[in-house]
Amino acid sequence: MKQVFINLIENSLKFTKTNGYIHVKVFQSENHVFIEVEDNGEGIEKQNIKKVMKKFYQEDPNKSGSGLGLSISYEIIKLHGGDMNIESEKGKGTKVKIKL
């Protein structure tokens, strides 16, 4: 799980400009834990949201990275019996929601 947090926060840092924000929220219901990482960075094109969870996919190949962070995070979450969803709008930011 540590790697999931590292990947999500590093992505937010990479795509959020100076004076932007990154919010991390953790809360629980009776049977689940929810984690959200939200930023007001560059965002992801709607048609690419599902693609960013695939191995080696990079929406912006000019940015550093291997395109593995979100796919690895998604696999780790699934191995823990959870789910991960991404909400994003280009130019407005991204929210990654995890349910465990």
# chains A, B, ... in the order shown; residues from 1 in each chain; ligands from 1
$ residues_around --residues "Glu38 in chain A" --least-positions-apart "6" --cutoff "6 Å" --atoms "only C-alpha atoms" --output "PyMOL selection string"
chain A and resi 22-23+94-95
$ residues_around --residues "range 76-86 of chain A" --least-positions-apart "4" --cutoff "6 Å" --atoms "only C-alpha atoms" --output "list in words"
Lys95, Val96, Lys97, Ile98, Lys99 and Leu100 of chain A
$ select_by_dssp --residues "chain A" --states "alpha helix (DSSP H)" --output "PyMOL selection string"
chain A and resi 2-15+69-79
$ write_last_selection --atoms "N, CA and C atoms" --output "PDB file, in the first residue's frame"
ATOM      1  N   LYS A   2       2.024   1.157   0.634  1.00  0.00           N
ATOM      2  CA  LYS A   2       2.928   2.307   0.652  1.00  0.00           C
ATOM      3  C   LYS A   2       3.259   2.747  -0.771  1.00  0.00           C
ATOM      4  N   GLN A   3       3.498   1.777  -1.658  1.00  0.00           N
ATOM      5  CA  GLN A   3       3.842   2.095  -3.042  1.00  0.00           C
ATOM      6  C   GLN A   3       2.693   2.810  -3.750  1.00  0.00           C
ATOM      7  N   VAL A   4       1.469   2.453  -3.424  1.00  0.00           N
ATOM      8  CA  VAL A   4       0.301   3.126  -4.011  1.00  0.00           C
ATOM      9  C   VAL A   4       0.332   4.610  -3.659  1.00  0.00           C
ATOM     10  N   PHE A   5       0.540   4.919  -2.373  1.00  0.00           N
ATOM     11  CA  PHE A   5       0.579   6.323  -1.957  1.00  0.00           C
ATOM     12  C   PHE A   5       1.731   7.066  -2.619  1.00  0.00           C
ATOM     13  N   ILE A   6       2.890   6.421  -2.688  1.00  0.00           N
ATOM     14  CA  ILE A   6       4.043   7.049  -3.348  1.00  0.00           C
ATOM     15  C   ILE A   6       3.700   7.371  -4.799  1.00  0.00           C
ATOM     16  N   ASN A   7       3.149   6.400  -5.520  1.00  0.00           N
ATOM     17  CA  ASN A   7       2.823   6.603  -6.937  1.00  0.00           C
ATOM     18  C   ASN A   7       1.808   7.721  -7.135  1.00  0.00           C
ATOM     19  N   LEU A   8       0.756   7.716  -6.344  1.00  0.00           N
ATOM     20  CA  LEU A   8      -0.304   8.716  -6.525  1.00  0.00           C
ATOM     21  C   LEU A   8       0.178  10.121  -6.185  1.00  0.00           C
ATOM     22  N   ILE A   9       0.916  10.248  -5.102  1.00  0.00           N
ATOM     23  CA  ILE A   9       1.392  11.575  -4.712  1.00  0.00           C
ATOM     24  C   ILE A   9       2.469  12.067  -5.673  1.00  0.00           C
ATOM     25  N   GLU A  10       3.357  11.169  -6.129  1.00  0.00           N
ATOM     26  CA  GLU A  10       4.362  11.583  -7.119  1.00  0.00           C
ATOM     27  C   GLU A  10       3.699  12.048  -8.412  1.00  0.00           C
ATOM     28  N   ASN A  11       2.648  11.356  -8.851  1.00  0.00           N
ATOM     29  CA  ASN A  11       1.928  11.792 -10.052  1.00  0.00           C
ATOM     30  C   ASN A  11       1.338  13.180  -9.851  1.00  0.00           C
ATOM     31  N   SER A  12       0.709  13.394  -8.711  1.00  0.00           N
ATOM     32  CA  SER A  12       0.134  14.711  -8.441  1.00  0.00           C
ATOM     33  C   SER A  12       1.210  15.786  -8.437  1.00  0.00           C
ATOM     34  N   LEU A  13       2.331  15.505  -7.803  1.00  0.00           N
ATOM     35  CA  LEU A  13       3.427  16.480  -7.778  1.00  0.00           C
ATOM     36  C   LEU A  13       3.945  16.773  -9.181  1.00  0.00           C
ATOM     37  N   LYS A  14       4.048  15.741  -9.998  1.00  0.00           N
ATOM     38  CA  LYS A  14       4.594  15.891 -11.349  1.00  0.00           C
ATOM     39  C   LYS A  14       3.694  16.755 -12.234  1.00  0.00           C
ATOM     40  N   PHE A  15       2.384  16.647 -12.045  1.00  0.00           N
ATOM     41  CA  PHE A  15       1.452  17.307 -12.952  1.00  0.00           C
ATOM     42  C   PHE A  15       0.754  18.527 -12.352  1.00  0.00           C
ATOM     43  N   GLY A  69       3.272   3.637 -12.944  1.00  0.00           N
ATOM     44  CA  GLY A  69       2.805   3.985 -11.603  1.00  0.00           C
ATOM     45  C   GLY A  69       1.343   3.693 -11.337  1.00  0.00           C
ATOM     46  N   LEU A  70       0.455   4.169 -12.195  1.00  0.00           N
ATOM     47  CA  LEU A  70      -0.973   3.957 -11.959  1.00  0.00           C
ATOM     48  C   LEU A  70      -1.373   2.510 -12.194  1.00  0.00           C
ATOM     49  N   SER A  71      -0.754   1.843 -13.174  1.00  0.00           N
ATOM     50  CA  SER A  71      -1.099   0.438 -13.411  1.00  0.00           C
ATOM     51  C   SER A  71      -0.653  -0.428 -12.235  1.00  0.00           C
ATOM     52  N   ILE A  72       0.527  -0.159 -11.687  1.00  0.00           N
ATOM     53  CA  ILE A  72       0.993  -0.896 -10.507  1.00  0.00           C
ATOM     54  C   ILE A  72       0.073  -0.611  -9.320  1.00  0.00           C
ATOM     55  N   SER A  73      -0.292   0.639  -9.134  1.00  0.00           N
ATOM     56  CA  SER A  73      -1.190   1.002  -8.032  1.00  0.00           C
ATOM     57  C   SER A  73      -2.523   0.283  -8.158  1.00  0.00           C
ATOM     58  N   TYR A  74      -3.061   0.255  -9.362  1.00  0.00           N
ATOM     59  CA  TYR A  74      -4.339  -0.413  -9.607  1.00  0.00           C
ATOM     60  C   TYR A  74      -4.246  -1.901  -9.272  1.00  0.00           C
ATOM     61  N   GLU A  75      -3.164  -2.545  -9.680  1.00  0.00           N
ATOM     62  CA  GLU A  75      -2.983  -3.974  -9.401  1.00  0.00           C
ATOM     63  C   GLU A  75      -2.850  -4.229  -7.899  1.00  0.00           C
ATOM     64  N   ILE A  76      -2.128  -3.383  -7.197  1.00  0.00           N
ATOM     65  CA  ILE A  76      -1.981  -3.535  -5.743  1.00  0.00           C
ATOM     66  C   ILE A  76      -3.338  -3.408  -5.061  1.00  0.00           C
ATOM     67  N   ILE A  77      -4.115  -2.421  -5.475  1.00  0.00           N
ATOM     68  CA  ILE A  77      -5.447  -2.223  -4.889  1.00  0.00           C
ATOM     69  C   ILE A  77      -6.325  -3.447  -5.149  1.00  0.00           C
ATOM     70  N   LYS A  78      -6.304  -3.970  -6.370  1.00  0.00           N
ATOM     71  CA  LYS A  78      -7.099  -5.168  -6.680  1.00  0.00           C
ATOM     72  C   LYS A  78      -6.660  -6.358  -5.831  1.00  0.00           C
ATOM     73  N   LEU A  79      -5.343  -6.517  -5.619  1.00  0.00           N
ATOM     74  CA  LEU A  79      -4.839  -7.621  -4.790  1.00  0.00           C
ATOM     75  C   LEU A  79      -5.317  -7.517  -3.343  1.00  0.00           C
TER      76      LEU A  79
END
$ residues_around --residues "Gly41 in chain A" --least-positions-apart "6" --cutoff "8 Å" --atoms "only C-alpha atoms" --output "VMD selection string"
chain A and resid 12 15 to 17 20 to 21 91 to 94
$ select_by_dssp --residues "chain A" --states "strand (DSSP E or B)" --output "VMD selection string"
chain A and resid 22 to 28 33 to 39 83 to 89 93 to 99
$ write_last_selection --atoms "C-alpha atoms" --output "PDB file, in the first residue's frame"
ATOM      1  CA  ILE A  22      -2.830  18.201  -3.535  1.00  0.00           C
ATOM      2  CA  HIS A  23      -5.385  16.904  -1.042  1.00  0.00           C
ATOM      3  CA  VAL A  24      -5.222  13.448   0.521  1.00  0.00           C
ATOM      4  CA  LYS A  25      -8.347  12.269   2.337  1.00  0.00           C
ATOM      5  CA  VAL A  26      -8.895   9.033   4.236  1.00  0.00           C
ATOM      6  CA  PHE A  27     -12.236   8.083   5.749  1.00  0.00           C
ATOM      7  CA  GLN A  28     -14.186   4.969   6.574  1.00  0.00           C
ATOM      8  CA  VAL A  33     -11.913   2.489   3.929  1.00  0.00           C
ATOM      9  CA  PHE A  34     -11.861   5.221   1.289  1.00  0.00           C
ATOM     10  CA  ILE A  35      -8.788   7.101   0.135  1.00  0.00           C
ATOM     11  CA  GLU A  36      -8.816  10.075  -2.228  1.00  0.00           C
ATOM     12  CA  VAL A  37      -5.879  11.900  -3.757  1.00  0.00           C
ATOM     13  CA  GLU A  38      -7.000  15.059  -5.542  1.00  0.00           C
ATOM     14  CA  ASP A  39      -5.036  17.798  -7.287  1.00  0.00           C
ATOM     15  CA  ASP A  83     -11.201  -0.788  -6.401  1.00  0.00           C
ATOM     16  CA  MET A  84      -9.632   2.351  -7.852  1.00  0.00           C
ATOM     17  CA  ASN A  85     -11.346   4.959 -10.014  1.00  0.00           C
ATOM     18  CA  ILE A  86     -10.075   8.128 -11.620  1.00  0.00           C
ATOM     19  CA  GLU A  87     -12.074  11.307 -12.190  1.00  0.00           C
ATOM     20  CA  SER A  88     -10.331  13.967 -14.222  1.00  0.00           C
ATOM     21  CA  GLU A  89     -10.824  16.930 -16.488  1.00  0.00           C
ATOM     22  CA  GLY A  93      -7.155  18.345 -12.174  1.00  0.00           C
ATOM     23  CA  THR A  94      -7.546  14.739 -11.155  1.00  0.00           C
ATOM     24  CA  LYS A  95      -9.085  12.792  -8.290  1.00  0.00           C
ATOM     25  CA  VAL A  96      -8.093   9.172  -7.665  1.00  0.00           C
ATOM     26  CA  LYS A  97     -10.603   7.330  -5.481  1.00  0.00           C
ATOM     27  CA  ILE A  98      -9.754   4.064  -3.742  1.00  0.00           C
ATOM     28  CA  LYS A  99     -12.189   1.793  -1.904  1.00  0.00           C
TER      29      LYS A  99
END
$ atom_distance --atom1 "CA of Val52 in chain A" --atom2 "CA of Leu68 in chain A"
8.8 Å
$ atom_distance --atom1 "CA of Thr18 in chain A" --atom2 "CA of Lys90 in chain A"
17.4 Å
